[in-house]
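data-v8.cif (mmCIF, C-alpha atoms)
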data_start
loop_
_atom_site.group_PDB
_atom_site.id
_atom_site.type_symbol
_atom_site.label_atom_id
_atom_site.label_comp_id
_atom_site.auth_asym_id
_atom_site.auth_seq_id
_atom_site.Cartn_x
_atom_site.Cartn_y
_atom_site.Cartn_z
ATOM 1 C CA MET Z 1203 10.020 -44.587 -4.842
ATOM 2 C CA ILE Z 1204 12.860 -44.857 -2.322
ATOM 3 C CA LYS Z 1205 13.103 -48.637 -2.919
ATOM 4 C CA ASN Z 1206 15.960 -49.972 -0.789
ATOM 5 C CA GLN Z 1207 18.035 -46.813 -0.467
ATOM 6 C CA ILE Z 1208 17.050 -46.453 3.206
ATOM 7 C CA ASN Z 1209 16.403 -49.372 5.556
ATOM 8 C CA LEU Z 1210 15.043 -49.778 9.071
ATOM 9 C CA LYS Z 1211 18.399 -50.819 10.525
ATOM 10 C CA GLN Z 1212 19.849 -47.440 9.545
ATOM 11 C CA LEU Z 1213 16.966 -45.641 11.223
ATOM 12 C CA GLU Z 1214 17.300 -47.847 14.306
ATOM 13 C CA ALA Z 1215 20.979 -46.964 14.538
ATOM 14 C CA LEU Z 1216 20.195 -43.254 14.374
ATOM 15 C CA VAL Z 1217 17.536 -43.491 17.084
ATOM 16 C CA PHE Z 1218 19.635 -45.606 19.448
ATOM 17 C CA VAL Z 1219 22.749 -43.452 19.077
ATOM 18 C CA ALA Z 1220 20.638 -40.392 19.840
ATOM 19 C CA ASP Z 1221 19.030 -42.044 22.880
ATOM 20 C CA THR Z 1222 22.105 -43.694 24.389
ATOM 21 C CA GLY Z 1223 24.576 -40.935 23.544
ATOM 22 C CA THR Z 1224 27.338 -43.153 22.143
ATOM 23 C CA PHE Z 1225 27.911 -45.588 19.289
ATOM 24 C CA ARG Z 1226 29.124 -48.208 21.763
ATOM 25 C CA LYS Z 1227 25.973 -48.113 23.894
ATOM 26 C CA ALA Z 1228 23.782 -48.132 20.777
ATOM 27 C CA ALA Z 1229 25.613 -51.207 19.511
ATOM 28 C CA THR Z 1230 25.108 -52.966 22.855
ATOM 29 C CA ALA Z 1231 21.411 -52.097 22.922
ATOM 30 C CA LEU Z 1232 20.903 -53.367 19.364
ATOM 31 C CA GLY Z 1233 22.989 -56.492 19.843
ATOM 32 C CA THR Z 1234 25.574 -55.626 17.208
ATOM 33 C CA THR Z 1235 29.040 -54.062 16.990
ATOM 34 C CA GLN Z 1236 30.164 -50.456 17.095
ATOM 35 C CA PRO Z 1237 31.616 -50.612 13.539
ATOM 36 C CA ASN Z 1238 28.228 -51.822 12.255
ATOM 37 C CA ILE Z 1239 26.520 -48.825 13.845
ATOM 38 C CA SER Z 1240 29.093 -46.489 12.301
ATOM 39 C CA VAL Z 1241 28.526 -48.005 8.849
ATOM 40 C CA ARG Z 1242 24.751 -47.674 9.147
ATOM 41 C CA ILE Z 1243 24.939 -44.017 10.198
ATOM 42 C CA ALA Z 1244 27.515 -43.165 7.518
ATOM 43 C CA SER Z 1245 25.444 -44.896 4.847
ATOM 44 C CA LEU Z 1246 22.318 -43.037 5.918
ATOM 45 C CA GLU Z 1247 24.142 -39.717 5.867
ATOM 46 C CA GLU Z 1248 25.546 -40.465 2.409
ATOM 47 C CA THR Z 1249 22.147 -41.439 1.023
ATOM 48 C CA LEU Z 1250 20.423 -38.377 2.450
ATOM 49 C CA GLY Z 1251 23.307 -36.009 1.780
ATOM 50 C CA VAL Z 1252 22.958 -34.669 5.308
ATOM 51 C CA VAL Z 1253 25.263 -34.582 8.343
ATOM 52 C CA LEU Z 1254 23.184 -36.149 11.096
ATOM 53 C CA MET Z 1255 25.605 -35.919 13.989
ATOM 54 C CA HIS Z 1256 29.009 -34.716 15.079
ATOM 55 C CA ARG Z 1257 31.382 -37.084 16.895
ATOM 56 C CA ASP Z 1258 33.423 -35.295 19.568
ATOM 57 C CA ALA Z 1259 35.866 -37.238 21.764
ATOM 58 C CA GLY Z 1260 33.568 -40.211 22.240
ATOM 59 C CA SER Z 1261 30.375 -38.181 22.596
ATOM 60 C CA VAL Z 1262 27.712 -37.545 19.979
ATOM 61 C CA ARG Z 1263 25.932 -34.306 19.160
ATOM 62 C CA ILE Z 1264 22.903 -34.456 16.844
ATOM 63 C CA THR Z 1265 22.778 -31.640 14.293
ATOM 64 C CA GLU Z 1266 19.729 -29.414 13.899
ATOM 65 C CA ARG Z 1267 18.794 -31.172 10.648
ATOM 66 C CA GLY Z 1268 19.546 -34.496 12.310
ATOM 67 C CA GLN Z 1269 16.995 -33.726 15.031
ATOM 68 C CA GLU Z 1270 14.319 -33.193 12.398
ATOM 69 C CA ILE Z 1271 15.176 -36.474 10.682
ATOM 70 C CA LEU Z 1272 15.345 -38.222 14.060
ATOM 71 C CA THR Z 1273 11.707 -37.295 14.709
ATOM 72 C CA ASP Z 1274 10.693 -38.813 11.383
ATOM 73 C CA ALA Z 1275 12.840 -41.896 12.006
ATOM 74 C CA ARG Z 1276 11.025 -42.588 15.273
ATOM 75 C CA ARG Z 1277 7.685 -42.290 13.508
ATOM 76 C CA VAL Z 1278 8.757 -44.664 10.714
ATOM 77 C CA LEU Z 1279 9.957 -47.311 13.173
ATOM 78 C CA ARG Z 1280 6.774 -47.083 15.228
ATOM 79 C CA THR Z 1281 4.634 -47.328 12.081
ATOM 80 C CA ALA Z 1282 6.575 -50.383 10.864
ATOM 81 C CA GLU Z 1283 5.939 -52.094 14.194
ATOM 82 C CA GLU Z 1284 2.243 -51.191 14.122
ATOM 83 C CA LEU Z 1285 2.009 -52.579 10.569
ATOM 84 C CA LEU Z 1286 3.214 -55.982 11.780
ATOM 85 C CA GLU Z 1287 0.798 -55.905 14.706
ATOM 86 C CA THR Z 1288 -2.108 -55.006 12.420
ATOM 87 C CA ALA Z 1289 -1.188 -57.999 10.276
ATOM 88 C CA GLY Z 1290 -1.052 -60.184 13.391
ATOM 89 C CA ARG Z 1291 2.625 -60.903 12.772
ATOM 90 C CA GLN Z 1292 4.172 -59.954 16.091
ATOM 91 C CA ASP Z 1293 6.352 -63.018 15.565
ATOM 92 C CA LEU Z 1294 8.286 -60.958 12.989
ATOM 93 C CA ILE Z 1295 9.263 -58.363 15.601
ATOM 94 C CA GLU Z 1296 12.706 -59.695 16.484
ATOM 95 C CA GLU Z 1297 13.900 -57.451 19.275
ATOM 96 C CA ARG Z 1298 15.034 -57.689 22.860
ATOM 97 C CA LEU Z 1299 13.431 -56.237 25.943
ATOM 98 C CA ARG Z 1300 15.966 -54.977 28.469
ATOM 99 C CA LEU Z 1301 13.962 -55.367 31.652
ATOM 100 C CA GLY Z 1302 14.931 -54.318 35.164
ATOM 101 C CA VAL Z 1303 12.903 -55.441 38.211
ATOM 102 C CA THR Z 1304 13.197 -55.622 41.976
ATOM 103 C CA GLU Z 1305 13.538 -58.837 43.952
ATOM 104 C CA LEU Z 1306 9.886 -58.711 45.020
ATOM 105 C CA VAL Z 1307 8.726 -58.743 41.401
ATOM 106 C CA ALA Z 1308 11.194 -61.499 40.520
ATOM 107 C CA SER Z 1309 10.000 -63.622 43.448
ATOM 108 C CA THR Z 1310 6.272 -63.292 42.738
ATOM 109 C CA TRP Z 1311 4.765 -62.528 39.337
ATOM 110 C CA LEU Z 1312 7.718 -62.032 36.976
ATOM 111 C CA HIS Z 1313 7.553 -65.566 35.562
ATOM 112 C CA GLN Z 1314 3.849 -65.216 34.782
ATOM 113 C CA PHE Z 1315 4.481 -61.854 33.111
ATOM 114 C CA MET Z 1316 7.273 -63.239 30.929
ATOM 115 C CA ARG Z 1317 5.162 -66.228 29.915
ATOM 116 C CA GLU Z 1318 2.215 -64.037 28.854
ATOM 117 C CA PHE Z 1319 4.448 -61.547 27.057
ATOM 118 C CA ARG Z 1320 6.064 -64.333 25.015
ATOM 119 C CA VAL Z 1321 2.604 -65.355 23.800
ATOM 120 C CA LEU Z 1322 2.146 -61.832 22.432
ATOM 121 C CA TYR Z 1323 5.699 -61.390 21.110
ATOM 122 C CA PRO Z 1324 7.321 -64.804 20.624
ATOM 123 C CA ALA Z 1325 10.450 -63.465 18.861
ATOM 124 C CA ILE Z 1326 11.358 -60.885 21.514
ATOM 125 C CA ARG Z 1327 14.016 -62.071 23.957
ATOM 126 C CA PHE Z 1328 14.533 -60.826 27.495
ATOM 127 C CA GLU Z 1329 17.650 -59.331 29.015
ATOM 128 C CA LEU Z 1330 16.863 -59.329 32.712
ATOM 129 C CA THR Z 1331 18.359 -57.348 35.600
ATOM 130 C CA ILE Z 1332 17.246 -57.955 39.209
ATOM 131 C CA ASP Z 1333 18.438 -55.409 41.759
ATOM 132 C CA LEU Z 1334 17.414 -52.813 44.317
ATOM 133 C CA SER Z 1335 15.031 -50.130 43.066
ATOM 134 C CA LYS Z 1336 17.675 -47.401 43.183
ATOM 135 C CA GLU Z 1337 20.075 -49.486 41.058
ATOM 136 C CA VAL Z 1338 17.355 -50.324 38.543
ATOM 137 C CA GLU Z 1339 16.492 -46.627 38.322
ATOM 138 C CA ASN Z 1340 20.156 -45.767 37.708
ATOM 139 C CA LEU Z 1341 20.304 -48.222 34.802
ATOM 140 C CA MET Z 1342 17.083 -46.815 33.382
ATOM 141 C CA SER Z 1343 18.425 -43.265 33.590
ATOM 142 C CA ALA Z 1344 21.615 -44.345 31.801
ATOM 143 C CA GLY Z 1345 19.601 -45.744 28.892
ATOM 144 C CA GLU Z 1346 20.597 -49.331 29.680
ATOM 145 C CA LEU Z 1347 17.027 -50.568 30.238
ATOM 146 C CA ASP Z 1348 13.884 -50.357 28.109
ATOM 147 C CA LEU Z 1349 11.476 -51.023 30.972
ATOM 148 C CA ALA Z 1350 11.943 -50.754 34.737
ATOM 149 C CA ILE Z 1351 9.470 -52.137 37.278
ATOM 150 C CA LEU Z 1352 10.356 -50.528 40.583
ATOM 151 C CA THR Z 1353 9.101 -48.667 43.627
ATOM 152 C CA GLU Z 1354 8.813 -44.980 44.372
ATOM 153 C CA PRO Z 1355 10.120 -42.512 45.424
ATOM 154 C CA PHE Z 1356 12.025 -41.724 42.216
ATOM 155 C CA ARG Z 1357 14.976 -39.428 41.746
ATOM 156 C CA THR Z 1358 14.434 -38.993 38.009
ATOM 157 C CA LYS Z 1359 11.475 -38.214 35.773
ATOM 158 C CA SER Z 1360 10.007 -40.627 33.246
ATOM 159 C CA THR Z 1361 7.843 -39.832 30.228
ATOM 160 C CA GLY Z 1362 6.108 -43.208 30.483
ATOM 161 C CA SER Z 1363 4.851 -44.503 33.831
ATOM 162 C CA ILE Z 1364 2.059 -46.995 34.583
ATOM 163 C CA PRO Z 1365 0.981 -47.789 38.178
ATOM 164 C CA VAL Z 1366 1.443 -51.481 38.909
ATOM 165 C CA GLY Z 1367 -0.023 -51.551 42.417
ATOM 166 C CA ARG Z 1368 0.433 -50.853 46.107
ATOM 167 C CA TYR Z 1369 1.577 -53.718 48.311
ATOM 168 C CA ARG Z 1370 1.271 -53.745 52.084
ATOM 169 C CA TYR Z 1371 3.869 -54.866 54.576
ATOM 170 C CA GLY Z 1372 3.274 -57.293 57.401
ATOM 171 C CA TRP Z 1373 5.005 -58.733 60.473
ATOM 172 C CA VAL Z 1374 5.772 -62.437 60.396
ATOM 173 C CA THR Z 1375 7.575 -64.934 62.599
ATOM 174 C CA THR Z 1376 7.631 -68.607 63.575
ATOM 175 C CA PRO Z 1377 4.619 -70.136 65.366
ATOM 176 C CA GLU Z 1378 6.815 -70.585 68.460
ATOM 177 C CA ILE Z 1379 7.805 -66.916 68.691
ATOM 178 C CA SER Z 1380 4.248 -65.879 67.848
ATOM 179 C CA ALA Z 1381 2.944 -67.902 70.811
ATOM 180 C CA GLN Z 1382 5.493 -66.240 73.101
ATOM 181 C CA LEU Z 1383 4.444 -62.769 71.930
ATOM 182 C CA GLY Z 1384 0.718 -63.364 72.410
ATOM 183 C CA PRO Z 1385 -2.251 -62.317 70.247
ATOM 184 C CA ARG Z 1386 -1.468 -58.588 69.882
ATOM 185 C CA PRO Z 1387 2.071 -57.702 70.975
ATOM 186 C CA ASN Z 1388 3.302 -54.122 71.078
ATOM 187 C CA ILE Z 1389 6.343 -52.916 69.181
ATOM 188 C CA ASN Z 1390 8.482 -53.142 72.345
ATOM 189 C CA ALA Z 1391 7.861 -56.890 72.614
ATOM 190 C CA VAL Z 1392 8.569 -57.383 68.910
ATOM 191 C CA HIS Z 1393 11.760 -55.352 69.187
ATOM 192 C CA ALA Z 1394 12.935 -57.519 72.072
ATOM 193 C CA LYS Z 1395 12.708 -60.631 69.859
ATOM 194 C CA GLY Z 1396 14.820 -58.991 67.131
ATOM 195 C CA ILE Z 1397 13.514 -57.307 63.987
ATOM 196 C CA LEU Z 1398 14.514 -58.490 60.529
ATOM 197 C CA SER Z 1399 14.001 -56.244 57.510
ATOM 198 C CA HIS Z 1400 15.407 -55.566 54.063
ATOM 199 C CA GLY Z 1401 17.512 -52.720 52.643
ATOM 200 C CA LYS Z 1402 18.517 -50.173 55.268
ATOM 201 C CA HIS Z 1403 17.772 -47.272 52.927
ATOM 202 C CA THR Z 1404 14.420 -48.524 51.635
ATOM 203 C CA LEU Z 1405 11.369 -46.409 52.423
ATOM 204 C CA ALA Z 1406 10.011 -49.123 54.750
ATOM 205 C CA SER Z 1407 13.230 -49.234 56.776
ATOM 206 C CA VAL Z 1408 13.317 -45.440 57.032
ATOM 207 C CA ASN Z 1409 9.719 -45.496 58.341
ATOM 208 C CA LEU Z 1410 10.583 -48.313 60.742
ATOM 209 C CA ARG Z 1411 13.600 -46.453 62.106
ATOM 210 C CA ALA Z 1412 11.512 -43.331 62.739
ATOM 211 C CA HIS Z 1413 8.792 -45.361 64.479
ATOM 212 C CA LEU Z 1414 11.240 -47.181 66.751
ATOM 213 C CA GLU Z 1415 13.023 -43.989 67.734
ATOM 214 C CA ALA Z 1416 9.672 -42.373 68.546
ATOM 215 C CA GLN Z 1417 9.069 -45.253 70.971
ATOM 216 C CA GLY Z 1418 12.503 -44.811 72.522
ATOM 217 C CA LEU Z 1419 13.847 -48.037 70.981
ATOM 218 C CA GLN Z 1420 17.255 -48.631 69.393
ATOM 219 C CA ALA Z 1421 16.828 -48.765 65.600
ATOM 220 C CA SER Z 1422 20.471 -49.820 65.294
ATOM 221 C CA GLN Z 1423 19.524 -53.292 66.526
ATOM 222 C CA VAL Z 1424 17.408 -54.021 63.442
ATOM 223 C CA ILE Z 1425 19.019 -56.623 61.160
ATOM 224 C CA HIS Z 1426 18.866 -55.382 57.567
ATOM 225 C CA SER Z 1427 19.398 -57.509 54.481
ATOM 226 C CA SER Z 1428 19.687 -56.340 50.886
ATOM 227 C CA SER Z 1429 17.887 -59.567 49.954
ATOM 228 C CA ILE Z 1430 14.214 -59.946 50.920
ATOM 229 C CA SER Z 1431 14.534 -63.710 50.465
ATOM 230 C CA ALA Z 1432 17.411 -63.810 52.951
ATOM 231 C CA ALA Z 1433 15.347 -61.915 55.529
ATOM 232 C CA LEU Z 1434 12.472 -64.341 54.961
ATOM 233 C CA ASN Z 1435 14.736 -67.352 55.494
ATOM 234 C CA MET Z 1436 16.104 -65.844 58.693
ATOM 235 C CA ALA Z 1437 12.548 -65.474 59.966
ATOM 236 C CA ILE Z 1438 11.811 -69.131 59.115
ATOM 237 C CA ASP Z 1439 14.966 -70.083 61.037
ATOM 238 C CA GLY Z 1440 13.583 -68.337 64.123
ATOM 239 C CA MET Z 1441 16.057 -65.463 64.166
ATOM 240 C CA GLY Z 1442 13.401 -62.853 64.931
ATOM 241 C CA VAL Z 1443 10.306 -61.091 63.624
ATOM 242 C CA ALA Z 1444 10.458 -59.997 59.983
ATOM 243 C CA LEU Z 1445 8.871 -56.907 58.467
ATOM 244 C CA LEU Z 1446 8.343 -57.812 54.805
ATOM 245 C CA PRO Z 1447 5.929 -57.316 51.902
ATOM 246 C CA ARG Z 1448 3.032 -59.743 52.368
ATOM 247 C CA GLN Z 1449 3.542 -61.266 48.920
ATOM 248 C CA MET Z 1450 6.909 -62.589 50.056
ATOM 249 C CA PHE Z 1451 5.674 -64.627 52.995
ATOM 250 C CA LYS Z 1452 2.165 -65.767 52.080
ATOM 251 C CA ALA Z 1453 3.440 -69.154 50.836
ATOM 252 C CA ALA Z 1454 5.335 -69.691 54.107
ATOM 253 C CA THR Z 1455 2.251 -68.819 56.169
ATOM 254 C CA ARG Z 1456 0.117 -71.238 54.141
ATOM 255 C CA LYS Z 1457 2.630 -74.015 54.867
ATOM 256 C CA GLY Z 1458 2.654 -73.162 58.563
ATOM 257 C CA ASP Z 1459 6.332 -72.223 58.658
ATOM 258 C CA LEU Z 1460 5.444 -68.674 59.666
ATOM 259 C CA GLN Z 1461 2.559 -66.793 61.254
ATOM 260 C CA GLU Z 1462 1.572 -63.194 60.649
ATOM 261 C CA ILE Z 1463 1.234 -61.044 63.750
ATOM 262 C CA ASP Z 1464 -0.298 -57.635 64.385
ATOM 263 C CA CYS Z 1465 1.679 -55.185 66.501
ATOM 264 C CA GLY Z 1466 -0.469 -52.182 65.597
ATOM 265 C CA TRP Z 1467 1.946 -50.536 63.145
ATOM 266 C CA GLU Z 1468 3.254 -51.092 59.637
ATOM 267 C CA PRO Z 1469 5.118 -48.835 57.182
ATOM 268 C CA GLU Z 1470 3.650 -47.212 54.113
ATOM 269 C CA PRO Z 1471 2.799 -49.702 51.346
ATOM 270 C CA LEU Z 1472 5.172 -50.214 48.441
ATOM 271 C CA SER Z 1473 3.996 -48.408 45.308
ATOM 272 C CA PHE Z 1474 5.221 -50.080 42.112
ATOM 273 C CA PHE Z 1475 5.373 -48.507 38.664
ATOM 274 C CA SER Z 1476 6.417 -49.672 35.221
ATOM 275 C CA ARG Z 1477 8.564 -46.900 33.756
ATOM 276 C CA TYR Z 1478 9.833 -46.396 30.214
ATOM 277 C CA ASN Z 1479 10.722 -43.671 27.734
ATOM 278 C CA LYS Z 1480 7.406 -42.997 26.006
ATOM 279 C CA ARG Z 1481 9.028 -40.714 23.450
ATOM 280 C CA SER Z 1482 11.477 -43.270 22.081
ATOM 281 C CA ALA Z 1483 10.384 -46.739 23.238
ATOM 282 C CA PRO Z 1484 9.012 -49.211 20.679
ATOM 283 C CA HIS Z 1485 5.341 -50.050 20.975
ATOM 284 C CA PHE Z 1486 6.087 -53.486 22.439
ATOM 285 C CA VAL Z 1487 7.717 -51.821 25.465
ATOM 286 C CA GLU Z 1488 4.516 -49.907 26.159
ATOM 287 C CA ARG Z 1489 2.534 -53.137 25.748
ATOM 288 C CA ALA Z 1490 4.890 -54.808 28.228
ATOM 289 C CA ALA Z 1491 4.281 -52.035 30.776
ATOM 290 C CA GLU Z 1492 0.509 -52.418 30.392
ATOM 291 C CA LEU Z 1493 0.760 -56.197 30.738
ATOM 292 C CA SER Z 1494 2.837 -55.878 33.919
ATOM 293 C CA ALA Z 1495 0.008 -53.990 35.628
ATOM 294 C CA LYS Z 1496 -2.516 -56.657 34.572
ATOM 295 C CA VAL Z 1497 -0.397 -59.577 35.777
ATOM 296 C CA ALA Z 1498 0.626 -57.890 39.037
ATOM 297 C CA ALA Z 1499 -3.012 -57.304 39.961
ATOM 298 C CA SER Z 1500 -3.599 -61.047 40.265
ATOM 299 C CA PHE Z 1501 -0.846 -61.334 42.912
ATOM 300 C CA LYS Z 1502 -2.100 -58.710 45.347
ATOM 301 C CA VAL Z 1503 -2.875 -59.713 48.923
#

Is it possible to express this structure as structure tokens?
Amino acid sequence: MIKNQINLKQLEALVFVADTGTFRKAATALGTTQPNISVRIASLEETLGVVLMHRDAGSVRITERGQEILTDARRVLRTAEELLETAGRQDLIEERLRLGVTELVASTWLHQFMREFRVLYPAIRFELTIDLSKEVENLMSAGELDLAILTEPFRTKSTGSIPVGRYRYGWVTTPEISAQLGPRPNINAVHAKGILSHGKHTLASVNLRAHLEAQGLQASQVIHSSSISAALNMAIDGMGVALLPRQMFKAATRKGDLQEIDCGWEPEPLSFFSRYNKRSAPHFVERAAELSAKVAASFKV
């Protein structure tokens, strides 16, 4: 019997150093210090009598034998987690979920998702990042997130990806401006009132720019905001006609602050995905991705 010669913290350290590429990043991901990670790796190497990795000027290179042991370490950690779930003791899984989402997710169904996830895994704490999709993807690629809920297109590949849903855009403005535009205004009339939209480099804004230029209209006059909420508030203040995901303005239309209009064109819908590293992520990360799709479905319009 191996008794207590090897423990899960040592295996965790090995896996996280391999995945993040440095002792410092592994320590941050595991919520401990770099010296603690070094001690765990050194102790594991001493117990096994094997060199697991070489440290070269701040970088880490896993040895050939270390790669073999790394595969087994991942399997042991996953099995330990599954054991607790089989026993119905998810409360003993004390981890953290480094989650990155876009503003749309944060403004709509994120709270419901977090509440339902905490019922499943009460001891797992969230570390939340809210940013543009491209920034969330960058953090995911750098190994600084466990789960990213973001929109395509993607610049990097992911071994774990679950479709969350497609969300349509809509045009919205104040009742006063809507009355001035009439029941079915064309894009020229909307453009004359001023168009409000979010990130200039988002797929929707790229589509909008191409559509306006095809109609001979100046796309440079569109007011872009990196914050969807800011664009929504500008629309409520009567600053123009906003092109936004419908989820963002449905509450304002119910209250009567805004009215949706139809000008005969809208950009491609937003396609959301939950992305994670299927090869190395704990089982609870995969469960979180699955739950995100379930919760998001109830918020579609």

Within 10 Å of range 1456-1459 of chain Z, counting all atoms listed in the file, which residues qualify if same-chain residues fewer than 6 places away don't, as a VMD selection string?
-> chain Z and resid 1374 to 1378 1437 to 1440

Report as a PDB file with C-alpha atoms, in the coordinates of the input all protein, DNA and RNA residues lying within 7 Å of Leu1347 in chain Z, evaluated on all atoms listed in the file, omitting residues in the same chain fewer than 5 positions from it.
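Result saved to part-v3.pdb:
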ATOM      1  CA  ARG Z1300      15.966 -54.977  28.469  1.00  0.00           C
ATOM      2  CA  LEU Z1301      13.962 -55.367  31.652  1.00  0.00           C
ATOM      3  CA  GLY Z1302      14.931 -54.318  35.164  1.00  0.00           C
ATOM      4  CA  LEU Z1341      20.304 -48.222  34.802  1.00  0.00           C
ATOM      5  CA  MET Z1342      17.083 -46.815  33.382  1.00  0.00           C
TER       6      MET Z1342
END

At a cut-off of 12 Å from (10.9, -49.0, 59.9) in the coordinates of the file, what residues are picked up using only C-alpha atoms, written as a ChimeraX atom specification?
-> /Z:1371-1373,1389,1393,1397-1417,1419-1426,1444-1446,1467-1471

Chain and number of each residue from the PyMOL selection byres ((chain Z and resi 1257) around 12), as a short mmCIF file (atom, residue, chain, number, x, y, z; two decimals) with C-alpha atoms, in the coordinates of the input:
data_model
loop_
_atom_site.label_atom_id
_atom_site.label_comp_id
_atom_site.auth_asym_id
_atom_site.auth_seq_id
_atom_site.Cartn_x
_atom_site.Cartn_y
_atom_site.Cartn_z
CA VAL Z 1219 22.75 -43.45 19.08
CA ALA Z 1220 20.64 -40.39 19.84
CA GLY Z 1223 24.58 -40.94 23.54
CA THR Z 1224 27.34 -43.15 22.14
CA PHE Z 1225 27.91 -45.59 19.29
CA SER Z 1240 29.09 -46.49 12.30
CA ILE Z 1243 24.94 -44.02 10.20
CA ALA Z 1244 27.52 -43.16 7.52
CA VAL Z 1253 25.26 -34.58 8.34
CA LEU Z 1254 23.18 -36.15 11.10
CA MET Z 1255 25.60 -35.92 13.99
CA HIS Z 1256 29.01 -34.72 15.08
CA ASP Z 1258 33.42 -35.30 19.57
CA ALA Z 1259 35.87 -37.24 21.76
CA GLY Z 1260 33.57 -40.21 22.24
CA SER Z 1261 30.38 -38.18 22.60
CA VAL Z 1262 27.71 -37.54 19.98
CA ARG Z 1263 25.93 -34.31 19.16
CA ILE Z 1264 22.90 -34.46 16.84
CA THR Z 1265 22.78 -31.64 14.29
#

In Å, how far is it from CA of Pro1355 in chain Z to CA of Lys1480 in chain Z?
-> 19.6 Å

Atom-to-atom span, CA of Asn1209 in chain Z and CA of Lys1227 in chain Z, Å = 20.7 Å

Point-to-point distance from CA of Val1321 in chain Z to CA of Ser1431 in chain Z, Å rounded to tenths | 29.3 Å

Output check: residues returned by the PyMOL selection byres ((chain Z and resi 1357) around 12), as a CSV table (one decimal) with C-alpha atoms, in the coordinates of the input:
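Written out: selection.csv:
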chain,number,residue,atom,x,y,z
Z,1335,SER,CA,15.0,-50.1,43.1
Z,1336,LYS,CA,17.7,-47.4,43.2
Z,1337,GLU,CA,20.1,-49.5,41.1
Z,1338,VAL,CA,17.4,-50.3,38.5
Z,1339,GLU,CA,16.5,-46.6,38.3
Z,1340,ASN,CA,20.2,-45.8,37.7
Z,1342,MET,CA,17.1,-46.8,33.4
Z,1343,SER,CA,18.4,-43.3,33.6
Z,1353,THR,CA,9.1,-48.7,43.6
Z,1354,GLU,CA,8.8,-45.0,44.4
Z,1355,PRO,CA,10.1,-42.5,45.4
Z,1356,PHE,CA,12.0,-41.7,42.2
Z,1358,THR,CA,14.4,-39.0,38.0
Z,1359,LYS,CA,11.5,-38.2,35.8
Z,1360,SER,CA,10.0,-40.6,33.2

Would you write out, as number ranges by chain, every residue that the PyMOL selection byres ((chain Z and resi 1275) around 12) captures in this file?
-> Z: 1208-1218, 1220, 1246, 1254, 1268-1274, 1276-1282, 1482, 1484

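Nearest residue to Ala1490 in chain Z among Z:Asn1435, Z:Gly1396, Z:Ala1381, Z:Arg1298 is Z:Arg1298, counting only C-alpha atoms.
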
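Using all atoms listed in the file, the shortest contact distance between Leu1299 in chain Z and any of Z:Tyr1369, Z:Phe1474, Z:Phe1501, Z:Phe1328 is found at Z:Phe1328.
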
Got a sec: who's within 10 Å of Val1307 in chain Z, counting only C-alpha atoms, leaving out chain neighbours fewer than 6 positions off, as number ranges by chain?
-> Z: 1313, 1315, 1332, 1351-1352, 1449-1450, 1474, 1494, 1498
